[in-house]
>>> print(open('upload.json').read())   # JSON, C-alpha atoms
[["chain", "number", "residue", "atom", "x", "y", "z"],
["A", 12, "MET", "CA", -2.66, -0.33, 4.51],
["A", 13, "LEU", "CA", -4.60, -3.04, 6.35],
["A", 14, "GLY", "CA", -6.82, -5.51, 4.49],
["A", 15, "ALA", "CA", -9.10, -8.47, 5.22],
["A", 16, "LYS", "CA", -10.10, -11.01, 2.58],
["A", 17, "LEU", "CA", -12.47, -13.98, 2.40],
["A", 18, "GLY", "CA", -12.83, -16.38, -0.48],
["A", 19, "ALA", "CA", -12.48, -19.89, -1.83],
["A", 20, "GLY", "CA", -9.65, -21.95, -3.28],
["A", 21, "TYR", "CA", -9.58, -24.90, -5.67],
["A", 22, "GLY", "CA", -6.64, -27.31, -5.73],
["A", 23, "LYS", "CA", -7.14, -29.00, -9.09],
["A", 24, "PRO", "CA", -5.30, -29.36, -11.44],
["A", 25, "LEU", "CA", -2.29, -28.82, -9.11],
["A", 26, "ASN", "CA", -3.39, -31.70, -6.85],
["A", 27, "GLU", "CA", -6.41, -33.81, -5.93],
["A", 28, "PHE", "CA", -7.84, -31.39, -3.38],
["A", 29, "GLY", "CA", -11.09, -29.67, -4.25],
["A", 30, "ALA", "CA", -12.69, -26.47, -2.98],
["A", 31, "SER", "CA", -11.95, -24.91, 0.39],
["A", 32, "TYR", "CA", -12.53, -21.60, 2.16],
["A", 33, "VAL", "CA", -9.66, -19.07, 2.52],
["A", 34, "LEU", "CA", -9.16, -16.38, 5.17],
["A", 35, "GLU", "CA", -6.40, -13.79, 4.68],
["A", 36, "LEU", "CA", -5.11, -10.60, 6.31],
["A", 37, "GLU", "CA", -2.81, -8.09, 4.64],
["A", 38, "LEU", "CA", -0.53, -5.45, 6.11],
["A", 39, "GLY", "CA", 1.10, -3.22, 3.51],
["A", 40, "TRP", "CA", 3.17, -0.07, 3.12],
["A", 41, "LEU", "CA", 2.81, 2.22, 0.11],
["A", 42, "LEU", "CA", 6.27, 3.25, -1.05],
["A", 43, "PRO", "CA", 6.63, 7.07, -1.30],
["A", 44, "LEU", "CA", 8.19, 7.28, -4.76],
["A", 45, "PRO", "CA", 8.64, 10.32, -7.03],
["A", 46, "ASP", "CA", 6.32, 11.13, -9.91],
["A", 47, "PRO", "CA", 4.88, 9.49, -11.88],
["A", 48, "LEU", "CA", 4.98, 6.32, -9.72],
["A", 49, "ARG", "CA", 4.08, 7.92, -6.37],
["A", 50, "HIS", "CA", 2.12, 5.23, -4.44],
["A", 51, "SER", "CA", 1.97, 2.63, -7.21],
["A", 52, "PHE", "CA", 4.13, 0.08, -5.33],
["A", 53, "GLU", "CA", 3.22, -1.62, -2.06],
["A", 54, "LEU", "CA", 5.34, -3.90, 0.11],
["A", 55, "PHE", "CA", 3.11, -6.34, 1.99],
["A", 56, "VAL", "CA", 2.99, -9.33, 4.31],
["A", 57, "ALA", "CA", -0.15, -11.50, 4.33],
["A", 58, "PRO", "CA", -0.92, -14.46, 6.63],
["A", 59, "ALA", "CA", -3.73, -16.78, 5.49],
["A", 60, "TYR", "CA", -5.48, -19.99, 6.53],
["A", 61, "THR", "CA", -7.21, -22.72, 4.55],
["A", 62, "ALA", "CA", -8.30, -26.32, 5.22],
["A", 63, "PRO", "CA", -8.68, -28.43, 2.05],
["A", 64, "SER", "CA", -9.65, -32.11, 2.18],
["A", 65, "LEU", "CA", -10.19, -35.07, -0.14],
["A", 66, "GLU", "CA", -11.48, -38.63, 0.07],
["A", 67, "GLY", "CA", -11.59, -41.66, -2.17],
["A", 68, "ASP", "CA", -11.07, -45.41, -2.55],
["A", 69, "VAL", "CA", -7.93, -47.33, -3.38],
["A", 70, "ALA", "CA", -7.88, -50.01, -6.07],
["A", 71, "ARG", "CA", -9.47, -53.36, -5.22],
["A", 72, "ASP", "CA", -7.16, -55.67, -3.27],
["A", 73, "ALA", "CA", -8.12, -59.33, -2.75],
["A", 74, "ARG", "CA", -6.29, -59.38, 0.58],
["A", 75, "LEU", "CA", -8.75, -56.89, 2.08],
["A", 76, "PRO", "CA", -12.09, -57.97, 3.55],
["A", 77, "GLY", "CA", -15.47, -57.03, 2.12],
["A", 78, "ASP", "CA", -15.33, -55.67, -1.41],
["A", 79, "GLY", "CA", -11.55, -55.39, -1.16],
["A", 80, "ARG", "CA", -11.52, -51.57, -1.34],
["A", 81, "ALA", "CA", -10.08, -49.29, 1.33],
["A", 82, "HIS", "CA", -11.61, -45.86, 1.84],
["A", 83, "TYR", "CA", -9.44, -42.87, 2.87],
["A", 84, "VAL", "CA", -9.98, -39.27, 4.00],
["A", 85, "VAL", "CA", -7.18, -36.70, 3.91],
["A", 86, "SER", "CA", -7.63, -33.40, 5.80],
["A", 87, "GLN", "CA", -5.12, -30.56, 5.76],
["A", 88, "ARG", "CA", -4.70, -27.44, 7.86],
["A", 89, "ILE", "CA", -2.50, -24.93, 6.05],
["A", 90, "LEU", "CA", -1.24, -21.66, 7.48],
["A", 91, "THR", "CA", 0.63, -19.53, 4.94],
["A", 92, "THR", "CA", 2.63, -16.32, 5.13],
["A", 93, "THR", "CA", 3.24, -14.31, 1.97],
["A", 94, "VAL", "CA", 5.84, -11.55, 1.55],
["A", 95, "GLY", "CA", 5.69, -9.70, -1.75],
["A", 96, "LEU", "CA", 5.47, -6.58, -3.88],
["A", 97, "LEU", "CA", 2.23, -5.22, -5.34],
["A", 98, "PHE", "CA", 1.98, -2.78, -8.25],
["A", 99, "ARG", "CA", -1.13, -0.66, -8.90],
["A", 100, "LEU", "CA", -1.55, 0.63, -12.44],
["A", 101, "PRO", "CA", -1.95, 4.43, -12.19],
["A", 102, "LEU", "CA", -5.11, 5.46, -14.05],
["A", 103, "PRO", "CA", -6.79, 8.85, -14.51],
["A", 104, "SER", "CA", -9.80, 7.42, -12.66],
["A", 105, "GLU", "CA", -10.06, 8.19, -8.95],
["A", 106, "ARG", "CA", -12.32, 5.16, -8.41],
["A", 107, "PHE", "CA", -10.55, 2.11, -9.88],
["A", 108, "ALA", "CA", -7.01, 0.71, -9.71],
["A", 109, "PRO", "CA", -6.10, -2.68, -11.24],
["A", 110, "TYR", "CA", -3.05, -4.33, -9.72],
["A", 111, "ALA", "CA", -0.70, -7.32, -9.88],
["A", 112, "ALA", "CA", 1.44, -8.91, -7.15],
["A", 113, "LEU", "CA", 4.34, -11.36, -6.89],
["A", 114, "GLY", "CA", 5.95, -12.86, -3.83],
["A", 115, "TYR", "CA", 7.21, -15.72, -1.68],
["A", 116, "ARG", "CA", 4.70, -17.90, 0.18],
["A", 117, "GLY", "CA", 5.69, -20.18, 3.05],
["A", 118, "TYR", "CA", 3.41, -23.11, 4.01],
["A", 119, "TRP", "CA", 3.03, -24.63, 7.48],
["A", 120, "ILE", "CA", 1.12, -27.84, 6.78],
["A", 121, "ALA", "CA", -0.56, -30.41, 9.04],
["A", 122, "THR", "CA", -1.98, -33.41, 7.17],
["A", 123, "GLN", "CA", -4.22, -36.03, 8.78],
["A", 124, "THR", "CA", -4.99, -39.28, 6.91],
["A", 125, "GLU", "CA", -7.70, -41.71, 8.04],
["A", 126, "GLY", "CA", -8.66, -45.04, 6.47],
["A", 127, "SER", "CA", -11.27, -47.75, 6.73],
["A", 128, "VAL", "CA", -12.12, -51.03, 5.04],
["A", 129, "ALA", "CA", -15.41, -52.96, 5.22],
["A", 130, "GLY", "CA", -16.70, -50.36, 7.68],
["A", 131, "GLU", "CA", -13.78, -50.86, 10.10],
["A", 132, "ASP", "CA", -11.27, -48.09, 10.83],
["A", 133, "PHE", "CA", -7.65, -49.10, 10.51],
["A", 134, "GLY", "CA", -5.98, -46.03, 12.06],
["A", 135, "GLU", "CA", -4.85, -42.56, 11.16],
["A", 136, "ASN", "CA", -1.59, -40.77, 10.41],
["A", 137, "THR", "CA", -0.67, -37.12, 11.08],
["A", 138, "GLU", "CA", 2.24, -35.34, 9.42],
["A", 139, "GLU", "CA", 3.52, -31.80, 9.85],
["A", 140, "GLY", "CA", 6.01, -29.86, 7.78],
["A", 141, "TYR", "CA", 7.00, -26.67, 5.97],
["A", 142, "ALA", "CA", 7.25, -25.93, 2.25],
["A", 143, "HIS", "CA", 8.56, -23.00, 0.19],
["A", 144, "GLY", "CA", 6.29, -21.69, -2.54],
["A", 145, "LEU", "CA", 5.41, -19.05, -5.11],
["A", 146, "TYR", "CA", 2.58, -16.49, -5.00],
["A", 147, "VAL", "CA", 1.12, -14.62, -8.01],
["A", 148, "ALA", "CA", -2.03, -12.45, -7.92],
["A", 149, "ALA", "CA", -4.07, -10.00, -9.98],
["A", 150, "GLY", "CA", -6.94, -7.87, -8.75],
["A", 151, "LEU", "CA", -8.94, -4.66, -8.77],
["A", 152, "ASP", "CA", -9.33, -1.98, -6.09],
["A", 153, "VAL", "CA", -12.55, 0.06, -6.02],
["A", 154, "PHE", "CA", -11.95, 3.06, -3.75],
["A", 155, "LEU", "CA", -14.82, 3.59, -1.36],
["A", 156, "GLY", "CA", -14.81, 5.43, 1.97],
["A", 157, "PRO", "CA", -11.48, 5.35, 3.83],
["A", 158, "GLY", "CA", -10.17, 2.48, 1.72],
["A", 159, "ALA", "CA", -10.99, 0.20, -1.19],
["A", 160, "LEU", "CA", -13.14, -2.82, -1.94],
["A", 161, "LEU", "CA", -11.11, -5.50, -3.69],
["A", 162, "ALA", "CA", -11.53, -8.57, -5.87],
["A", 163, "GLU", "CA", -8.41, -10.70, -6.22],
["A", 164, "PHE", "CA", -7.39, -13.87, -8.05],
["A", 165, "GLN", "CA", -4.41, -15.77, -6.61],
["A", 166, "PHE", "CA", -2.25, -18.63, -7.86],
["A", 167, "ASN", "CA", 0.06, -20.26, -5.33],
["A", 168, "TYR", "CA", 2.24, -23.33, -5.59],
["A", 169, "ALA", "CA", 4.76, -25.39, -3.61],
["A", 170, "ALA", "CA", 6.28, -28.85, -4.04],
["A", 171, "ARG", "CA", 5.71, -31.22, -1.10],
["A", 172, "ASP", "CA", 7.24, -34.65, -0.44],
["A", 173, "ALA", "CA", 5.63, -36.27, 2.61],
["A", 174, "TYR", "CA", 5.32, -39.82, 3.93],
["A", 175, "VAL", "CA", 1.76, -40.46, 2.80],
["A", 176, "LEU", "CA", 1.35, -37.76, 0.13],
["A", 177, "ARG", "CA", 4.62, -38.19, -1.73],
["A", 178, "ASP", "CA", 5.75, -35.86, -4.52],
["A", 179, "THR", "CA", 2.59, -33.79, -4.11],
["A", 180, "ASN", "CA", 1.98, -30.23, -5.26],
["A", 181, "ILE", "CA", 0.57, -27.98, -2.56],
["A", 182, "GLY", "CA", -1.32, -24.91, -3.66],
["A", 183, "ALA", "CA", -4.48, -23.72, -5.30],
["A", 184, "MET", "CA", -6.18, -21.15, -7.46],
["A", 185, "GLN", "CA", -8.09, -18.78, -5.16],
["A", 186, "LEU", "CA", -10.67, -16.05, -5.59],
["A", 187, "LEU", "CA", -11.04, -13.58, -2.71],
["A", 188, "LEU", "CA", -13.14, -10.51, -1.91],
["A", 189, "GLY", "CA", -12.31, -8.02, 0.79],
["A", 190, "TYR", "CA", -11.59, -4.47, 1.90],
["A", 191, "ARG", "CA", -8.37, -2.51, 2.37],
["A", 192, "LEU", "CA", -8.21, 0.34, 4.88],
["A", 193, "ILE", "CA", -5.78, 3.06, 3.75],
["A", 194, "TRP", "CA", -4.39, 5.78, 5.98],
["A", 195, "GLY", "CA", -1.34, 8.02, 6.32],
["A", 196, "ALA", "CA", -1.05, 9.14, 2.69],
["A", 197, "ARG", "CA", 2.29, 10.76, 2.05],
["A", 198, "SER", "CA", 2.87, 13.30, 4.80],
["A", 199, "SER", "CA", 4.27, 16.74, 4.08],
["A", 200, "ALA", "CA", 8.02, 17.10, 3.93],
["A", 201, "GLU", "CA", 9.34, 20.20, 5.61],
["A", 202, "GLN", "CA", 12.78, 21.28, 4.68],
["A", 203, "SER", "CA", 14.73, 24.52, 4.69],
["A", 204, "ALA", "CA", 16.18, 25.73, 1.43],
["A", 205, "PRO", "CA", 19.50, 27.56, 1.45],
["A", 206, "PRO", "CA", 18.97, 31.27, 2.05],
["A", 207, "PRO", "CA", 18.82, 33.36, -1.09],
["A", 208, "GLU", "CA", 21.74, 35.49, -2.12],
["A", 209, "PRO", "CA", 21.57, 38.82, -0.26],
["A", 210, "ALA", "CA", 20.53, 41.78, -2.35],
["A", 211, "PRO", "CA", 23.33, 44.19, -3.19],
["A", 212, "PRO", "CA", 23.39, 47.24, -0.90],
["A", 213, "PRO", "CA", 21.98, 50.47, -2.36],
["A", 214, "PRO", "CA", 24.57, 52.88, -3.78],
["A", 215, "ALA", "CA", 25.88, 55.47, -1.38],
["A", 216, "ALA", "CA", 24.38, 58.92, -1.69],
["A", 217, "LYS", "CA", 26.50, 61.39, -3.69],
["A", 218, "PRO", "CA", 27.97, 64.27, -1.65],
["A", 219, "ALA", "CA", 26.41, 67.64, -2.13],
["A", 220, "PRO", "CA", 28.48, 70.14, -4.16],
["A", 221, "ALA", "CA", 28.55, 72.53, -1.21],
["A", 222, "ALA", "CA", 31.54, 72.71, 1.03],
["A", 223, "VAL", "CA", 29.68, 70.81, 3.73],
["A", 224, "VAL", "CA", 29.18, 67.18, 2.68],
["A", 225, "GLU", "CA", 26.12, 65.42, 4.04],
["A", 226, "ALA", "CA", 26.75, 62.01, 5.59],
["A", 227, "PRO", "CA", 25.13, 59.17, 3.60],
["A", 228, "VAL", "CA", 21.96, 57.77, 5.12],
["A", 229, "ALA", "CA", 22.28, 54.06, 5.91],
["A", 230, "ALA", "CA", 19.78, 51.89, 4.03],
["A", 231, "ALA", "CA", 17.29, 49.97, 6.16],
["A", 232, "PRO", "CA", 18.03, 46.21, 6.19],
["A", 233, "PRO", "CA", 15.71, 44.17, 3.97],
["A", 234, "ALA", "CA", 12.80, 42.55, 5.81],
["A", 235, "SER", "CA", 13.13, 38.81, 6.46],
["A", 236, "VAL", "CA", 10.94, 36.67, 4.25],
["A", 237, "GLY", "CA", 10.21, 32.98, 3.84],
["A", 238, "GLN", "CA", 8.07, 30.86, 1.57],
["A", 239, "ILE", "CA", 5.56, 28.00, 1.69],
["A", 240, "ARG", "CA", 5.39, 26.05, -1.52],
["A", 241, "GLY", "CA", 4.35, 22.60, -2.58],
["A", 242, "ASN", "CA", 2.09, 20.38, -4.61],
["A", 243, "VAL", "CA", -1.51, 19.15, -4.22],
["A", 244, "ARG", "CA", -2.69, 15.92, -5.86],
["A", 245, "ALA", "CA", -5.42, 13.35, -5.61],
["A", 246, "PHE", "CA", -4.48, 9.97, -4.14],
["A", 247, "SER", "CA", -4.26, 8.56, -7.68],
["A", 248, "GLY", "CA", -1.64, 11.17, -8.62],
["A", 249, "GLN", "CA", -3.91, 13.58, -10.52],
["A", 250, "PRO", "CA", -2.92, 17.26, -9.94],
["A", 251, "LEU", "CA", -5.60, 19.35, -8.20],
["A", 252, "LYS", "CA", -6.24, 23.10, -8.54],
["A", 253, "ALA", "CA", -6.82, 23.30, -4.81],
["A", 254, "THR", "CA", -7.34, 26.44, -2.78],
["A", 255, "VAL", "CA", -4.54, 26.98, -0.25],
["A", 256, "SER", "CA", -5.22, 29.25, 2.75],
["A", 257, "VAL", "CA", -2.59, 30.41, 5.27],
["A", 258, "ASP", "CA", -3.38, 31.75, 8.74],
["A", 259, "PRO", "CA", -2.44, 34.07, 10.36],
["A", 260, "GLY", "CA", -2.32, 36.55, 7.56],
["A", 261, "ALA", "CA", -5.49, 35.50, 5.71],
["A", 262, "LEU", "CA", -3.42, 34.65, 2.64],
["A", 263, "GLU", "CA", -4.98, 32.50, -0.07],
["A", 264, "VAL", "CA", -3.84, 31.19, -3.46],
["A", 265, "VAL", "CA", -5.09, 28.62, -6.00],
["A", 266, "ALA", "CA", -2.71, 25.91, -7.19],
["A", 267, "ASP", "CA", -1.89, 25.84, -10.91],
["A", 268, "GLU", "CA", -2.67, 23.13, -13.48],
["A", 269, "GLN", "CA", 0.16, 20.98, -12.10],
["A", 270, "GLY", "CA", -1.14, 21.35, -8.55],
["A", 271, "GLU", "CA", 1.79, 23.58, -7.55],
["A", 272, "PHE", "CA", 1.58, 26.65, -5.33],
["A", 273, "ARG", "CA", 3.85, 29.12, -3.50],
["A", 274, "ILE", "CA", 3.14, 31.81, -0.91],
["A", 275, "ASP", "CA", 5.65, 34.35, 0.49],
["A", 276, "VAL", "CA", 5.32, 34.82, 4.25],
["A", 277, "ALA", "CA", 7.29, 36.20, 7.15],
["A", 278, "PRO", "CA", 9.15, 33.67, 9.35],
["A", 279, "GLY", "CA", 6.88, 32.01, 11.90],
["A", 280, "ARG", "CA", 4.36, 29.25, 12.50],
["A", 281, "TYR", "CA", 1.30, 28.89, 10.27],
["A", 282, "THR", "CA", -1.80, 26.79, 9.76],
["A", 283, "VAL", "CA", -2.28, 25.79, 6.11],
["A", 284, "GLN", "CA", -5.66, 24.59, 4.85],
["A", 285, "LEU", "CA", -5.97, 22.81, 1.47],
["A", 286, "ARG", "CA", -9.37, 22.21, -0.09],
["A", 287, "ALA", "CA", -10.77, 21.17, -3.47],
["A", 288, "ARG", "CA", -14.32, 20.46, -4.58],
["A", 289, "GLY", "CA", -15.25, 16.80, -4.09],
["A", 290, "TYR", "CA", -12.23, 16.10, -1.83],
["A", 291, "ARG", "CA", -11.67, 16.04, 1.91],
["A", 292, "THR", "CA", -10.11, 19.22, 3.30],
["A", 293, "GLN", "CA", -6.72, 18.84, 4.99],
["A", 294, "THR", "CA", -5.13, 21.15, 7.57],
["A", 295, "ARG", "CA", -1.39, 21.16, 8.21],
["A", 296, "LYS", "CA", 0.85, 22.97, 10.72],
["A", 297, "VAL", "CA", 4.12, 24.33, 9.29],
["A", 298, "THR", "CA", 7.08, 26.39, 10.45],
["A", 299, "VAL", "CA", 8.87, 28.84, 8.16],
["A", 300, "ASP", "CA", 12.46, 29.80, 8.97],
["A", 301, "ASP", "CA", 14.15, 33.11, 8.29],
["A", 302, "ASN", "CA", 14.83, 33.23, 4.53],
["A", 303, "GLY", "CA", 13.77, 29.59, 4.37],
["A", 304, "VAL", "CA", 11.42, 27.52, 2.21],
["A", 305, "THR", "CA", 8.96, 25.01, 3.68],
["A", 306, "VAL", "CA", 7.79, 22.34, 1.21],
["A", 307, "LEU", "CA", 4.29, 20.92, 1.65],
["A", 308, "ASN", "CA", 3.28, 17.98, -0.60],
["A", 309, "VAL", "CA", -0.30, 16.88, 0.08],
["A", 310, "GLU", "CA", -2.65, 14.24, -1.30],
["A", 311, "LEU", "CA", -6.41, 14.69, -0.92],
["A", 312, "ARG", "CA", -8.90, 11.82, -0.83],
["A", 313, "LYS", "CA", -12.35, 11.90, -2.38],
["A", 314, "GLN", "CA", -15.27, 12.58, -0.09]]
>>> encode(input="upload.json", output="structure tokens")
Amino acid sequence: MLGAKLGAGYGKPLNEFGASYVLELELGWLLPLPDPLRHSFELFVAPAYTAPSLEGDVARDARLPGDGRAHYVVSQRILTTTVGLLFRLPLPSERFAPYAALGYRGYWIATQTEGSVAGEDFGENTEEGYAHGLYVAAGLDVFLGPGALLAEFQFNYAARDAYVLRDTNIGAMQLLLGYRLIWGARSSAEQSAPPPEPAPPPPAAKPAPAAVVEAPVAAAPPASVGQIRGNVRAFSGQPLKATVSVDPGALEVVADEQGEFRIDVAPGRYTVQLRARGYRTQTRKVTVDDNGVTVLNVELRKQ
């Protein structure tokens, strides 16, 4: 999963910084878990950039010229990296998925402070440092095309003790909009099941009552057989009564209410096509071993 987000952050009441833009990228991996969780959990790493600033006046000081007030401007450049876990609430809907996320956020911070009094600059100070922080988010995915539109609210926080900004909280509440591109839904797992128990041999033919006994005719060995079986679901986890076609052989079955299917075939290589109304058709290549079972678990995306 690859996402891009753009939004705004607001520092208050965590600190004195106001609004600022936020740019963020996200690279995630959907964990292939068993039912009913399936792809509900995502591990992700997300770098982001923001540049908050603030300005103001210090209290009047009789030692300063003019009106005795010094004016200051503080500008920050903050690059963050977040590592966390995201959970999407599985819903019957194929269109919406609310989610929540929790993680660690590291802050690389460069702070520049400039001051002036009575219209005269009196220098600037630049500090750089790193801070450890917390990241919490909640959002909504709206699946559209090859991915999902998203709206996300973030809360992030870190304690910072610098030379100029001492005992200061770094962080903000942020609202972001963006798009996540999703690909590589759980691929099929092919595995060979242990061969079935051989069928008992047919009973030997009884000898004829005549003096000459006929030799028993050997039974022909049973033909080799294999099987393709599996499960078809929507990306949200909903079972699909998909049509499953196998070629060569022109075999075709319809999955049951749980999305499960099975087809007996001779050993060999096959092309399996899975289709359901309103979903994108998928085609898979499989190999069936002698007396083996090939398992094909497939997720179809909406058109």
>>> atom_distance(input="upload.json", atom1="atom CA of A:Val128", atom2="atom CA of A:Ser64")
19.3 Å
>>> closest_residue(input="upload.json", among="A:Pro58, A:Gly117, A:Gly134, A:Pro101", to="A:Lys16", atoms="only C-alpha atoms")
A:Pro58
>>> atom_distance(input="upload.json", atom1="atom CA of A:Glu163", atom2="atom CA of A:Pro47")
24.8 Å
>>> residues_near_point(input="upload.json", point="(1.5, -10.2, -8.9)", cutoff="9 Å", atoms="all atoms listed in the file", output="VMD selection string")
chain A and resid 95 to 98 110 to 114 146 to 150 165
>>> closest_residue(input="upload.json", among="A:Pro45, A:Asn167, A:Pro259, A:Pro103", to="A:Val283", atoms="only C-alpha atoms")
A:Pro259
>>> closest_residue(input="upload.json", among="A:Leu161, A:Leu251, A:Ala59, A:Val257", to="A:Gln269", atoms="only C-alpha atoms")
A:Leu251
>>> atom_distance(input="upload.json", atom1="atom CA of A:Ala159", atom2="atom CA of A:Val56")
17.8 Å
>>> residues_near_point(input="upload.json", point="(-10.4, 6.5, 4.6)", cutoff="12 Å", atoms="all atoms listed in the file", output="PyMOL selection string")
chain A and resi 12-13+154-160+190-196+246+290-291+311-314
>>> closest_residue(input="upload.json", among="A:Thr282, A:Asn26, A:Asn308, A:Ser256", to="A:Asn242", atoms="only C-alpha atoms")
A:Asn308
>>> residues_around(input="upload.json", residues="A:Val94", least_positions_apart="4", cutoff="8 Å", atoms="only C-alpha atoms", output="NGL selection string")
:A and (54-57 or 114-116)
>>> closest_residue(input="upload.json", among="A:Ile181, A:Leu25, A:Val243, A:Ala169", to="A:Leu285", atoms="all atoms listed in the file")
A:Val243
>>> decode(input="upload.json", residues="stretch 119-142 of chain A", atoms="N, CA and C atoms", output="compact mmCIF listing (two decimals), in the first residue's frame")
# COMPACT_ATOMS: atom_id res chain seq x y z
N TRP A 119 12.92 15.13 13.66
CA TRP A 119 14.15 15.87 13.39
C TRP A 119 13.75 17.34 13.27
N ILE A 120 14.28 18.19 14.15
CA ILE A 120 13.77 19.55 14.28
C ILE A 120 14.91 20.55 14.07
N ALA A 121 14.67 21.56 13.25
CA ALA A 121 15.57 22.71 13.10
C ALA A 121 14.76 23.96 13.44
N THR A 122 15.19 24.69 14.46
CA THR A 122 14.47 25.87 14.93
C THR A 122 15.34 27.11 14.74
N GLN A 123 14.78 28.11 14.08
CA GLN A 123 15.48 29.38 13.87
C GLN A 123 14.72 30.49 14.58
N THR A 124 15.43 31.25 15.43
CA THR A 124 14.83 32.34 16.20
C THR A 124 15.49 33.65 15.80
N GLU A 125 14.67 34.64 15.43
CA GLU A 125 15.16 35.96 15.06
C GLU A 125 14.49 37.00 15.96
N GLY A 126 15.22 38.08 16.27
CA GLY A 126 14.66 39.12 17.14
C GLY A 126 15.01 40.51 16.66
N SER A 127 14.22 41.46 17.08
CA SER A 127 14.48 42.87 16.76
C SER A 127 13.89 43.73 17.86
N VAL A 128 14.45 44.94 17.99
CA VAL A 128 13.93 45.91 18.94
C VAL A 128 14.09 47.30 18.34
N ALA A 129 13.04 48.09 18.40
CA ALA A 129 13.04 49.44 17.83
C ALA A 129 13.44 49.41 16.36
N GLY A 130 13.01 48.38 15.64
CA GLY A 130 13.29 48.28 14.22
C GLY A 130 14.68 47.79 13.88
N GLU A 131 15.51 47.47 14.88
CA GLU A 131 16.88 47.00 14.64
C GLU A 131 16.98 45.51 14.99
N ASP A 132 17.54 44.73 14.04
CA ASP A 132 17.75 43.31 14.30
C ASP A 132 18.86 43.13 15.32
N PHE A 133 18.70 42.17 16.21
CA PHE A 133 19.78 41.89 17.14
C PHE A 133 20.25 40.44 17.06
N GLY A 134 20.13 39.81 15.86
CA GLY A 134 20.73 38.50 15.63
C GLY A 134 19.71 37.38 15.56
N GLU A 135 20.21 36.22 15.29
CA GLU A 135 19.36 35.03 15.18
C GLU A 135 20.08 33.84 15.79
N ASN A 136 19.31 32.82 16.11
CA ASN A 136 19.85 31.60 16.71
C ASN A 136 19.21 30.40 16.02
N THR A 137 20.02 29.39 15.67
CA THR A 137 19.52 28.18 15.03
C THR A 137 19.89 26.97 15.89
N GLU A 138 18.91 26.13 16.16
CA GLU A 138 19.13 24.92 16.94
C GLU A 138 18.60 23.72 16.16
N GLU A 139 19.28 22.60 16.30
CA GLU A 139 18.84 21.36 15.68
C GLU A 139 18.82 20.25 16.73
N GLY A 140 17.93 19.29 16.56
CA GLY A 140 17.86 18.21 17.53
C GLY A 140 16.87 17.14 17.11
N TYR A 141 16.73 16.13 17.96
CA TYR A 141 15.83 15.00 17.71
C TYR A 141 14.99 14.76 18.95
N ALA A 142 13.73 14.38 18.75
CA ALA A 142 12.83 14.10 19.87
C ALA A 142 12.02 12.86 19.57
